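Containing compact mmCIF, C-alpha atoms and all ligand atoms: model_32.txt.
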# COMPACT_ATOMS: atom_id res chain seq x y z
CA MET M 1 6.43 -0.49 21.48
CA HIS M 2 8.98 -1.84 19.03
CA ILE M 3 7.56 -2.12 15.52
CA LEU M 4 9.09 -4.01 12.63
CA VAL M 5 8.07 -2.51 9.29
CA THR M 6 8.80 -4.78 6.34
CA GLY M 7 9.00 -2.81 3.11
CA GLY M 8 9.50 0.37 5.13
CA ALA M 9 11.86 1.82 2.52
CA GLY M 10 9.14 1.54 -0.12
CA TYR M 11 6.30 3.80 -1.15
CA ILE M 12 3.50 3.06 1.31
CA GLY M 13 5.67 1.69 4.12
CA SER M 14 7.79 4.85 4.19
CA HIS M 15 4.72 7.07 4.59
CA VAL M 16 3.60 4.94 7.52
CA VAL M 17 7.06 5.12 9.12
CA LYS M 18 7.04 8.90 8.64
CA GLN M 19 3.74 9.14 10.56
CA LEU M 20 4.96 6.77 13.26
CA ILE M 21 7.99 9.02 13.74
CA GLU M 22 5.92 12.19 13.73
CA THR M 23 3.08 11.11 15.98
CA THR M 24 4.33 8.31 18.26
CA THR M 25 7.32 7.41 20.40
CA HIS M 26 7.52 3.83 19.14
CA ARG M 27 10.87 2.32 18.34
CA ILE M 28 10.99 1.46 14.62
CA SER M 29 12.95 -1.13 12.67
CA ILE M 30 12.72 -1.39 8.90
CA LEU M 31 13.41 -4.56 6.98
CA ASP M 32 13.66 -4.08 3.22
CA ASN M 33 15.50 -5.81 0.38
CA LEU M 34 15.65 -2.50 -1.53
CA SER M 35 14.27 -4.15 -4.66
CA THR M 36 11.81 -1.28 -5.03
CA GLY M 37 12.57 0.63 -1.84
CA HIS M 38 15.48 3.02 -1.46
CA ARG M 39 18.29 3.53 1.02
CA SER M 40 17.87 7.28 0.53
CA THR M 41 14.28 6.96 1.82
CA VAL M 42 15.58 5.44 5.06
CA ASP M 43 18.06 8.33 5.30
CA THR M 44 15.20 10.82 4.81
CA LEU M 45 13.15 9.07 7.50
CA ASN M 46 16.10 9.25 9.89
CA GLN M 47 16.38 12.96 9.09
CA ILE M 48 12.67 13.41 9.88
CA ALA M 49 13.31 11.66 13.22
CA ARG M 50 16.23 14.01 13.95
CA ASP M 51 14.14 17.05 12.96
CA LYS M 52 11.55 15.93 15.46
CA GLY M 53 14.28 15.80 18.10
CA SER M 54 14.13 12.05 18.41
CA ARG M 55 17.31 10.47 19.69
CA LYS M 56 16.13 7.10 18.46
CA GLY M 57 17.24 6.36 14.94
CA ILE M 58 15.61 3.71 12.80
CA THR M 59 17.25 0.30 12.79
CA PHE M 60 17.60 -0.80 9.20
CA TYR M 61 17.92 -4.41 8.09
CA HIS M 62 18.87 -4.69 4.42
CA GLU M 63 17.48 -8.18 4.07
CA ASP M 64 15.12 -10.30 2.03
CA LEU M 65 12.24 -12.12 3.71
CA LYS M 66 13.10 -15.25 1.74
CA HIS M 67 16.28 -15.71 3.81
CA PHE M 68 14.46 -17.57 6.56
CA ASP M 69 17.49 -18.21 8.79
CA THR M 70 18.55 -14.58 8.81
CA ILE M 71 15.00 -13.36 9.41
CA LYS M 72 14.69 -15.78 12.31
CA LYS M 73 17.87 -14.35 13.86
CA ILE M 74 16.42 -10.85 13.54
CA PHE M 75 13.34 -12.01 15.47
CA GLU M 76 15.49 -13.73 18.10
CA THR M 77 17.14 -10.44 18.99
CA GLY M 78 14.50 -7.90 17.96
CA SER M 79 11.76 -8.23 20.62
CA PHE M 80 9.10 -6.83 18.32
CA ASP M 81 5.67 -5.98 19.68
CA ALA M 82 4.07 -5.47 16.29
CA VAL M 83 4.83 -6.16 12.65
CA MET M 84 3.55 -4.02 9.81
CA HIS M 85 4.01 -6.02 6.65
CA PHE M 86 4.30 -4.03 3.41
CA ALA M 87 7.04 -5.94 1.57
CA ALA M 88 5.44 -7.55 -1.47
CA SER M 89 5.37 -7.75 -5.24
CA ILE M 90 2.48 -5.66 -6.57
CA VAL M 91 2.38 -5.54 -10.38
CA VAL M 92 -0.69 -7.34 -11.69
CA PRO M 93 0.50 -8.11 -15.27
CA GLU M 94 3.82 -9.38 -13.90
CA SER M 95 1.90 -11.69 -11.57
CA VAL M 96 0.22 -13.29 -14.59
CA GLU M 97 3.56 -13.84 -16.34
CA ASN M 98 5.45 -14.95 -13.25
CA PRO M 99 2.91 -16.24 -10.72
CA LEU M 100 5.43 -18.20 -8.67
CA LYS M 101 7.32 -15.02 -7.88
CA TYR M 102 4.07 -13.75 -6.34
CA TYR M 103 3.25 -16.91 -4.43
CA MET M 104 6.81 -17.13 -3.10
CA ASN M 105 7.36 -13.48 -2.29
CA ASN M 106 3.87 -12.68 -1.11
CA THR M 107 2.31 -15.86 0.27
CA VAL M 108 5.27 -18.04 1.31
CA ASN M 109 7.33 -15.23 2.83
CA THR M 110 4.28 -13.83 4.60
CA THR M 111 3.49 -17.26 6.04
CA HIS M 112 7.01 -17.55 7.37
CA LEU M 113 6.83 -14.07 8.83
CA ILE M 114 3.56 -14.91 10.60
CA GLN M 115 5.09 -18.11 11.93
CA LEU M 116 7.96 -16.12 13.44
CA CYS M 117 5.51 -13.64 14.96
CA THR M 118 3.67 -16.43 16.74
CA ALA M 119 6.94 -18.08 17.82
CA TYR M 120 8.49 -14.87 19.18
CA ASN M 121 5.45 -13.41 20.95
CA VAL M 122 4.72 -10.57 18.56
CA LYS M 123 1.29 -9.34 19.61
CA HIS M 124 0.01 -7.51 16.55
CA PHE M 125 0.24 -7.86 12.78
CA ILE M 126 -0.96 -5.28 10.26
CA PHE M 127 -1.20 -6.64 6.77
CA SER M 128 -1.22 -4.74 3.47
CA SER M 129 -3.89 -6.34 1.37
CA THR M 130 -5.61 -5.08 -1.72
CA ALA M 131 -8.94 -4.44 -3.38
CA ALA M 132 -7.65 -6.92 -5.98
CA VAL M 133 -8.98 -9.67 -3.67
CA TYR M 134 -12.49 -8.72 -4.82
CA GLY M 135 -11.74 -9.40 -8.51
CA GLU M 136 -14.58 -8.09 -10.63
CA PRO M 137 -17.35 -7.50 -8.12
CA ASN M 138 -20.97 -7.25 -9.21
CA GLU M 139 -21.68 -4.36 -6.90
CA PRO M 140 -19.87 -1.10 -7.67
CA GLN M 141 -19.18 -0.30 -3.99
CA VAL M 142 -17.60 -3.22 -2.22
CA THR M 143 -17.89 -3.94 1.48
CA GLU M 144 -15.58 -6.22 3.44
CA THR M 145 -18.18 -8.97 3.10
CA THR M 146 -18.41 -8.75 -0.68
CA ARG M 147 -17.31 -12.11 -2.04
CA THR M 148 -13.59 -12.39 -2.68
CA LEU M 149 -12.80 -13.84 -6.08
CA PRO M 150 -9.48 -12.48 -7.31
CA ILE M 151 -8.86 -12.67 -11.04
CA ASN M 152 -5.07 -12.68 -11.07
CA PRO M 153 -2.20 -14.32 -9.13
CA TYR M 154 -1.42 -11.04 -7.37
CA GLY M 155 -4.90 -10.89 -5.83
CA ARG M 156 -4.83 -14.60 -5.02
CA SER M 157 -1.40 -14.37 -3.38
CA LYS M 158 -2.74 -11.63 -1.09
CA LEU M 159 -6.02 -13.42 -0.34
CA MET M 160 -4.15 -16.60 0.60
CA SER M 161 -1.98 -14.57 2.97
CA GLU M 162 -5.11 -13.11 4.55
CA GLN M 163 -6.37 -16.65 5.15
CA VAL M 164 -3.07 -17.80 6.65
CA LEU M 165 -3.14 -14.82 8.97
CA GLN M 166 -6.75 -15.45 10.01
CA ASP M 167 -6.06 -19.12 10.73
CA ALA M 168 -2.89 -18.34 12.67
CA THR M 169 -4.77 -15.79 14.75
CA GLN M 170 -7.49 -18.34 15.56
CA ALA M 171 -4.85 -20.70 16.87
CA HIS M 172 -2.86 -18.15 18.91
CA LYS M 173 -4.94 -16.27 21.43
CA ASP M 174 -2.30 -13.61 22.16
CA PHE M 175 -1.88 -12.72 18.49
CA SER M 176 -4.16 -10.26 16.70
CA HIS M 177 -4.24 -8.67 13.27
CA VAL M 178 -5.75 -6.04 11.07
CA ILE M 179 -5.98 -6.59 7.33
CA LEU M 180 -6.22 -3.40 5.27
CA ARG M 181 -7.51 -3.74 1.72
CA TYR M 182 -6.12 -0.80 -0.21
CA PHE M 183 -7.91 0.81 -3.09
CA ASN M 184 -5.95 2.95 -5.59
CA VAL M 185 -3.11 4.58 -3.69
CA ALA M 186 -1.50 7.68 -5.17
CA GLY M 187 0.15 11.00 -4.36
CA ALA M 188 3.12 11.77 -2.12
CA ASP M 189 4.14 13.46 1.11
CA ILE M 190 2.71 17.00 1.23
CA HIS M 191 6.22 18.32 2.02
CA ASN M 192 7.66 16.34 -0.90
CA ARG M 193 10.20 14.47 1.22
CA ILE M 194 9.17 10.97 0.15
CA GLY M 195 7.08 9.54 -2.69
CA GLN M 196 6.70 6.72 -5.16
CA SER M 197 9.99 5.86 -6.87
CA PHE M 198 9.28 2.72 -8.78
CA PRO M 199 10.86 1.87 -12.12
CA ASN M 200 8.46 0.92 -14.93
CA ALA M 201 5.45 2.23 -13.04
CA THR M 202 2.08 1.20 -14.40
CA HIS M 203 -0.24 3.15 -12.08
CA LEU M 204 -2.38 5.77 -13.74
CA ILE M 205 -1.51 8.87 -11.68
CA LYS M 206 2.20 8.06 -11.67
CA VAL M 207 2.15 7.48 -15.44
CA ALA M 208 0.28 10.77 -16.00
CA ALA M 209 2.84 12.64 -13.86
CA GLN M 210 5.69 11.09 -15.83
CA THR M 211 4.02 12.23 -19.04
CA VAL M 212 3.75 15.79 -17.73
CA ILE M 213 7.47 16.01 -17.02
CA GLY M 214 8.37 14.40 -20.34
CA SER M 215 9.89 11.15 -19.11
CA ARG M 216 7.21 9.56 -21.31
CA GLU M 217 6.23 10.97 -24.70
CA ASN M 218 2.59 10.13 -24.19
CA MET M 219 0.27 7.98 -22.16
CA MET M 220 -2.60 5.68 -23.03
CA ILE M 221 -6.15 5.30 -21.82
CA PHE M 222 -6.94 1.60 -21.74
CA GLY M 223 -10.48 1.37 -23.05
CA ASP M 224 -13.26 3.95 -23.41
CA ASP M 225 -16.09 1.52 -24.07
CA TYR M 226 -16.89 0.53 -20.48
CA ALA M 227 -20.40 0.90 -19.08
CA THR M 228 -19.50 4.10 -17.18
CA PRO M 229 -20.62 7.69 -17.87
CA ASP M 230 -17.56 8.57 -20.01
CA GLY M 231 -16.69 5.00 -21.02
CA THR M 232 -13.46 4.79 -18.96
CA CYS M 233 -12.86 2.81 -15.76
CA ILE M 234 -13.66 4.29 -12.38
CA ARG M 235 -11.41 3.84 -9.35
CA ASP M 236 -11.29 5.02 -5.74
CA TYR M 237 -8.03 7.01 -5.55
CA ILE M 238 -6.73 7.55 -2.02
CA HIS M 239 -3.86 9.77 -0.94
CA VAL M 240 -0.97 7.77 0.48
CA ASP M 241 -0.96 9.76 3.73
CA ASP M 242 -4.62 8.93 4.36
CA LEU M 243 -3.81 5.29 3.72
CA ALA M 244 -0.85 5.60 6.10
CA SER M 245 -2.97 7.08 8.90
CA ALA M 246 -5.28 4.05 8.64
CA HIS M 247 -2.31 1.91 9.74
CA LEU M 248 -1.71 4.03 12.80
CA ARG M 249 -5.39 3.79 13.72
CA ALA M 250 -5.23 0.02 13.19
CA LEU M 251 -2.28 -0.26 15.54
CA GLU M 252 -4.06 1.76 18.24
CA TYR M 253 -7.14 -0.41 17.77
CA LEU M 254 -5.14 -3.59 18.36
CA GLU M 255 -3.40 -2.01 21.34
CA GLU M 256 -6.85 -1.41 22.81
CA GLY M 257 -7.29 -5.20 22.78
CA ARG M 258 -9.96 -5.20 20.08
CA ASP M 259 -10.75 -8.13 17.79
CA SER M 260 -8.84 -8.94 14.63
CA SER M 261 -10.58 -7.58 11.59
CA VAL M 262 -10.44 -6.56 7.94
CA PHE M 263 -11.08 -3.07 6.57
CA ASN M 264 -11.37 -1.45 3.18
CA VAL M 265 -9.29 1.70 2.86
CA GLY M 266 -10.64 4.11 0.28
CA TYR M 267 -12.69 7.28 0.07
CA GLY M 268 -15.94 5.64 -0.99
CA HIS M 269 -16.20 7.48 -4.28
CA GLY M 270 -14.36 7.31 -7.56
CA TYR M 271 -13.09 9.07 -10.66
CA SER M 272 -12.84 7.88 -14.23
CA VAL M 273 -9.55 7.59 -16.07
CA LYS M 274 -10.53 10.59 -18.20
CA GLU M 275 -11.28 12.66 -15.08
CA VAL M 276 -7.88 11.80 -13.63
CA VAL M 277 -6.11 12.73 -16.87
CA LEU M 278 -8.02 16.02 -17.05
CA THR M 279 -7.17 16.84 -13.43
CA MET M 280 -3.48 16.15 -14.08
CA LYS M 281 -3.63 18.43 -17.12
CA GLU M 282 -5.25 21.17 -15.04
CA VAL M 283 -2.88 21.02 -12.07
CA SER M 284 0.18 20.91 -14.33
CA ASN M 285 -1.19 23.37 -16.87
CA THR M 286 0.15 21.01 -19.53
CA ASP M 287 -1.75 19.53 -22.44
CA PHE M 288 0.21 16.29 -22.72
CA SER M 289 -0.45 13.67 -25.36
CA VAL M 290 -3.00 10.97 -24.50
CA LEU M 291 -3.71 8.06 -26.86
CA MET M 292 -6.68 5.75 -26.82
CA ALA M 293 -5.79 2.08 -26.51
CA PRO M 294 -7.74 -1.19 -26.19
CA ARG M 295 -8.93 -2.42 -22.79
CA ARG M 296 -6.27 -3.80 -20.46
CA ALA M 297 -6.91 -7.40 -19.45
CA GLY M 298 -8.46 -7.86 -16.04
CA ASP M 299 -9.61 -4.28 -15.42
CA PRO M 300 -13.03 -4.14 -13.72
CA ALA M 301 -15.14 -1.21 -14.96
CA VAL M 302 -15.78 0.21 -11.50
CA LEU M 303 -14.03 -0.45 -8.18
CA ILE M 304 -15.06 1.75 -5.27
CA SER M 305 -14.85 1.04 -1.57
CA ASN M 306 -17.60 1.14 0.92
CA ASN M 307 -15.57 2.63 3.79
CA SER M 308 -18.27 2.72 6.49
CA LYS M 309 -16.56 0.05 8.56
CA ILE M 310 -13.15 1.72 8.86
CA LYS M 311 -14.79 5.06 9.62
CA SER M 312 -17.00 3.69 12.37
CA VAL M 313 -14.82 0.95 13.91
CA LEU M 314 -11.33 2.46 13.54
CA ARG M 315 -12.61 6.05 13.70
CA TRP M 316 -10.45 6.78 10.66
CA SER M 317 -11.15 9.90 8.66
CA ALA M 318 -9.62 11.25 5.49
CA GLN M 319 -7.65 14.49 5.33
CA TYR M 320 -6.65 14.62 1.68
CA ASP M 321 -9.77 13.56 -0.19
CA ASP M 322 -9.00 15.85 -3.12
CA LEU M 323 -8.01 14.50 -6.54
CA ALA M 324 -6.22 17.74 -7.49
CA LEU M 325 -4.07 17.53 -4.35
CA ILE M 326 -3.29 13.87 -5.04
CA CYS M 327 -2.20 14.78 -8.59
CA GLN M 328 -0.22 17.83 -7.42
CA THR M 329 1.75 15.89 -4.81
CA ALA M 330 2.41 13.02 -7.24
CA LEU M 331 3.66 15.53 -9.80
CA ALA M 332 5.83 17.44 -7.33
CA TRP M 333 7.51 14.18 -6.34
CA GLU M 334 7.96 13.14 -9.98
CA ARG M 335 9.75 16.43 -10.63
CA THR M 336 12.00 15.76 -7.62
CA VAL M 337 13.02 12.25 -8.62
CA GLN M 338 13.64 13.41 -12.15
CA ASN M 339 16.24 15.92 -10.92
N1 LIG M 401 -4.89 3.12 -16.81
C1 LIG M 401 -4.81 3.72 -18.05
N2 LIG M 401 -3.57 4.07 -18.50
C2 LIG M 401 -2.42 3.85 -17.79
C3 LIG M 401 -2.53 3.22 -16.53
C4 LIG M 401 -3.78 2.86 -16.07
O1 LIG M 401 -5.82 3.94 -18.71
O2 LIG M 401 -1.33 4.18 -18.29
C5 LIG M 401 -6.21 2.76 -16.29
C6 LIG M 401 -6.37 1.28 -16.01
O3 LIG M 401 -6.75 0.60 -17.17
C7 LIG M 401 -7.43 1.30 -14.92
C8 LIG M 401 -7.14 2.60 -14.16
O4 LIG M 401 -6.37 3.39 -15.04
O5 LIG M 401 -8.69 1.39 -15.50
C9 LIG M 401 -6.35 2.38 -12.89
O6 LIG M 401 -5.24 1.57 -13.21
P1 LIG M 401 -3.97 1.40 -12.23
O7 LIG M 401 -2.98 0.56 -12.96
O8 LIG M 401 -3.54 2.74 -11.75
O9 LIG M 401 -4.57 0.65 -10.97
P2 LIG M 401 -5.45 -0.69 -10.89
O10 LIG M 401 -6.85 -0.26 -10.60
O11 LIG M 401 -5.24 -1.57 -12.03
O12 LIG M 401 -4.80 -1.45 -9.67
C10 LIG M 401 -4.44 -0.82 -8.49
C11 LIG M 401 -3.33 -1.62 -7.84
C12 LIG M 401 -3.81 -2.94 -7.38
C13 LIG M 401 -5.04 -2.78 -6.54
C14 LIG M 401 -6.08 -1.98 -7.26
C15 LIG M 401 -7.25 -1.77 -6.36
O13 LIG M 401 -2.27 -1.79 -8.74
O14 LIG M 401 -2.83 -3.52 -6.61
O15 LIG M 401 -5.54 -0.74 -7.64
O16 LIG M 401 -8.23 -0.98 -6.95
F1 LIG M 401 -5.57 -3.97 -6.27
Write-out of the structure in structure tokens:
Amino acid sequence: MHILVTGGAGYIGSHVVKQLIETTTHRISILDNLSTGHRSTVDTLNQIARDKGSRKGITFYHEDLKHFDTIKKIFETGSFDAVMHFAASIVVPESVENPLKYYMNNTVNTTHLIQLCTAYNVKHFIFSSTAAVYGEPNEPQVTETTRTLPINPYGRSKLMSEQVLQDATQAHKDFSHVILRYFNVAGADIHNRIGQSFPNATHLIKVAAQTVIGSRENMMIFGDDYATPDGTCIRDYIHVDDLASAHLRALEYLEEGRDSSVFNVGYGHGYSVKEVVLTMKEVSNTDFSVLMAPRRAGDPAVLISNNSKIKSVLRWSAQYDDLALICQTALAWERTVQN
């Protein structure tokens, strides 16, 4: 199979490409505008392919999905069997300030990409969606049938793309998809070859790791007056390599000719912000400075996946369900990018 991975030079996409290289013989092309991805990540992935003895290098298109004519030309010559679509804007507060960036980059570009897939006989599409589509759910553990009511443009831009994909699939019988709704992704490659290199990161575990190594003086906990046992928000943190393996399972599932579907990807249990901070302090043996701050707008108190569906239908199972390991790998990577 020939797989096009958009955003393959970025955080999650690169971990998926790494696993595709390590466990399959598929031909891989990456398309990335390098706005948050890195050329050095593509080089590392090519090195991983060489280490595995693969003679096939990765084809790299340094391109932006908004350049419709160029993307069309890539499809004309590419003969892709599947597209894994990671390229997107993902910062919630930015989406509130600049919603059109999110609707253009996420929804419009995804729509165009889906159109090309249907026009050029791509069989399968795997879409990176988000737990943000659920907004502030009433139930603490959300299933795929929990009502979707996103509370910010980021979540809406992803939900609209899901709908476009579902409608396109209805209309094209040879086209199938899997939508993966990610919970809180964190950590890095166990061998510390790739990780999350994102300027102005806002994600809790990344921020805590940056505070350990001193690239931030301190960090803040946004709100300790939530209706949770210690007053701080609870999230379902999943190691990036477990998230990545869900994509490989999804691809196999579609190859088996199974029906298009949507899956939550999380561990099904959560940790509070204070528990995460404490774990980072323990694994780093550093008592870094943590300040209390007011609630951050739009944060639901608790967001945990019900992951029964992905476990039973995709036969996905977690390997790294260990908050200390997630923190350790995030920290090891932070130390590497700092150097
Ligand atoms: N938090 C802090 N201090 C920080 C950063 C975060 O207290 O410096 C808190 C947040 O307030 C929140 C929790 O840590 O309560 C997790 O926040 P993140 O920013 O790490 O992640 P979010 O839960 O806001 O969002 C992430 C992704 C979304 C995705 C969502 C799904 O950014 O794309 O997980 O759960 F939709």
Contacts to ligand LIG 401 (chain M) at 7 Å cut-off (only C-alpha atoms and all ligand atoms) as a PDB file with C-alpha atoms, in the frame of the given file:
ATOM      1  CA  ILE M  90       2.480  -5.660  -6.570  1.00  0.00           C
ATOM      2  CA  VAL M  91       2.380  -5.540 -10.380  1.00  0.00           C
ATOM      3  CA  VAL M  92      -0.690  -7.340 -11.690  1.00  0.00           C
ATOM      4  CA  THR M 130      -5.610  -5.080  -1.720  1.00  0.00           C
ATOM      5  CA  ALA M 131      -8.940  -4.440  -3.380  1.00  0.00           C
ATOM      6  CA  ALA M 132      -7.650  -6.920  -5.980  1.00  0.00           C
ATOM      7  CA  GLY M 155      -4.900 -10.890  -5.830  1.00  0.00           C
ATOM      8  CA  TYR M 182      -6.120  -0.800  -0.210  1.00  0.00           C
ATOM      9  CA  PHE M 183      -7.910   0.810  -3.090  1.00  0.00           C
ATOM     10  CA  ASN M 184      -5.950   2.950  -5.590  1.00  0.00           C
ATOM     11  CA  THR M 202       2.080   1.200 -14.400  1.00  0.00           C
ATOM     12  CA  HIS M 203      -0.240   3.150 -12.080  1.00  0.00           C
ATOM     13  CA  LEU M 204      -2.380   5.770 -13.740  1.00  0.00           C
ATOM     14  CA  ILE M 205      -1.510   8.870 -11.680  1.00  0.00           C
ATOM     15  CA  VAL M 207       2.150   7.480 -15.440  1.00  0.00           C
ATOM     16  CA  MET M 219       0.270   7.980 -22.160  1.00  0.00           C
ATOM     17  CA  MET M 220      -2.600   5.680 -23.030  1.00  0.00           C
ATOM     18  CA  ILE M 221      -6.150   5.300 -21.820  1.00  0.00           C
ATOM     19  CA  PHE M 222      -6.940   1.600 -21.740  1.00  0.00           C
ATOM     20  CA  GLY M 223     -10.480   1.370 -23.050  1.00  0.00           C
ATOM     21  CA  THR M 232     -13.460   4.790 -18.960  1.00  0.00           C
ATOM     22  CA  CYS M 233     -12.860   2.810 -15.760  1.00  0.00           C
ATOM     23  CA  ILE M 234     -13.660   4.290 -12.380  1.00  0.00           C
ATOM     24  CA  ARG M 235     -11.410   3.840  -9.350  1.00  0.00           C
ATOM     25  CA  ASP M 236     -11.290   5.020  -5.740  1.00  0.00           C
ATOM     26  CA  VAL M 273      -9.550   7.590 -16.070  1.00  0.00           C
ATOM     27  CA  ARG M 295      -8.930  -2.420 -22.790  1.00  0.00           C
ATOM     28  CA  ARG M 296      -6.270  -3.800 -20.460  1.00  0.00           C
ATOM     29  CA  ASP M 299      -9.610  -4.280 -15.420  1.00  0.00           C
ATOM     30  CA  ALA M 301     -15.140  -1.210 -14.960  1.00  0.00           C
ATOM     31  CA  LEU M 303     -14.030  -0.450  -8.180  1.00  0.00           C
TER      32      LEU M 303
END
inquiry  = Which residues are close to M:Glu94, i.e. within 12 Å by all atoms listed in the file, leaving aside same-chain residues fewer than 2 positions away? Reply as a list of chain:residue names.
reply    =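 Using all atoms listed in the file, the neighbours found are M:Ser89, M:Ile90, M:Val91, M:Val92, M:Val96, M:Glu97, M:Asn98, M:Pro99, M:Leu100, M:Lys101, M:Tyr102, M:Asn152, M:Pro153, M:Tyr154, M:Gly155, M:Asn200, M:Ala201, M:Thr202.
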Within 12 Å of M:Ile21, counting only C-alpha atoms, which residues show up once you throw out same-chain ones fewer than 5 positions away? Write them as an mmCIF file with C-alpha atoms, in the coordinates of the input, please.
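Ended up saving to out.cif:
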data_model
loop_
_atom_site.group_PDB
_atom_site.id
_atom_site.type_symbol
_atom_site.label_atom_id
_atom_site.label_comp_id
_atom_site.auth_asym_id
_atom_site.auth_seq_id
_atom_site.Cartn_x
_atom_site.Cartn_y
_atom_site.Cartn_z
ATOM 1 C CA ILE M 3 7.560 -2.120 15.520
ATOM 2 C CA SER M 14 7.790 4.850 4.190
ATOM 3 C CA HIS M 15 4.720 7.070 4.590
ATOM 4 C CA VAL M 16 3.600 4.940 7.520
ATOM 5 C CA HIS M 26 7.520 3.830 19.140
ATOM 6 C CA ARG M 27 10.870 2.320 18.340
ATOM 7 C CA ILE M 28 10.990 1.460 14.620
ATOM 8 C CA SER M 29 12.950 -1.130 12.670
ATOM 9 C CA THR M 44 15.200 10.820 4.810
ATOM 10 C CA LEU M 45 13.150 9.070 7.500
ATOM 11 C CA ASN M 46 16.100 9.250 9.890
ATOM 12 C CA GLN M 47 16.380 12.960 9.090
ATOM 13 C CA ILE M 48 12.670 13.410 9.880
ATOM 14 C CA ALA M 49 13.310 11.660 13.220
ATOM 15 C CA ARG M 50 16.230 14.010 13.950
ATOM 16 C CA ASP M 51 14.140 17.050 12.960
ATOM 17 C CA LYS M 52 11.550 15.930 15.460
ATOM 18 C CA GLY M 53 14.280 15.800 18.100
ATOM 19 C CA SER M 54 14.130 12.050 18.410
ATOM 20 C CA ARG M 55 17.310 10.470 19.690
ATOM 21 C CA LYS M 56 16.130 7.100 18.460
ATOM 22 C CA GLY M 57 17.240 6.360 14.940
ATOM 23 C CA ILE M 58 15.610 3.710 12.800
ATOM 24 C CA LEU M 248 -1.710 4.030 12.800
#
Contacts of M:Gly10 at 8 Å (all atoms listed in the file; same-chain gap of 5+ positions) as a VMD selection string: chain M and resid 32 34 36 to 38 41 87 196
Atom CA of M:Lys73 and atom CA of M:Ser261, how far apart in Å?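 Between these atoms lies a distance of 29.3 Å.
Atom CA of M:Thr107 sits 17.6 Å away from atom CA of M:Asp69.
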Pairwise distance, atom CA of M:Val240 with atom CA of M:Ala188, equals 6.3 Å
Next on the checklist: Using only C-alpha atoms, list the residues that have an atom at most 7 Å from (-1.8, -6.6, 4.1), coordinates as in the file, as a PyMOL selection string.
Outcome noted: chain M and resi 85-86+126-129+179-181
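Of the listed residues M:Pro93, M:Lys274, M:Asn285, M:Ser176, the one whose atoms come nearest to M:Ala250 is M:Ser176, with distances taken using all atoms listed in the file.
Closest approach to M:Val83 among M:Leu243, M:Val164, M:Val265, M:Cys117 is made by M:Cys117 (distances from only C-alpha atoms).
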Can you tell me, as lines of an AutoDock Vina configuration file, the centre and edge lengths (Å, one decimal) of the axis-aligned box enclosing all of stretch 82-94 of chain M's listed atoms after padding each side by 3 Å?
center_x = 3.2
center_y = -6.7
center_z = 0.5
size_x = 13.7
size_y = 11.4
size_z = 37.6
| query | Using all atoms listed in the file, which of M:Ser284, M:Ser260, M:Ser317, M:Thr146 sits nearest M:Ile238? | reply |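 Under the stated criterion, the closest residue is M:Ser317.
The closest residue to M:Glu76, picked from M:Asn121, M:Thr110, M:Gln166, M:Ser245 and counting all atoms listed in the file, is M:Asn121.
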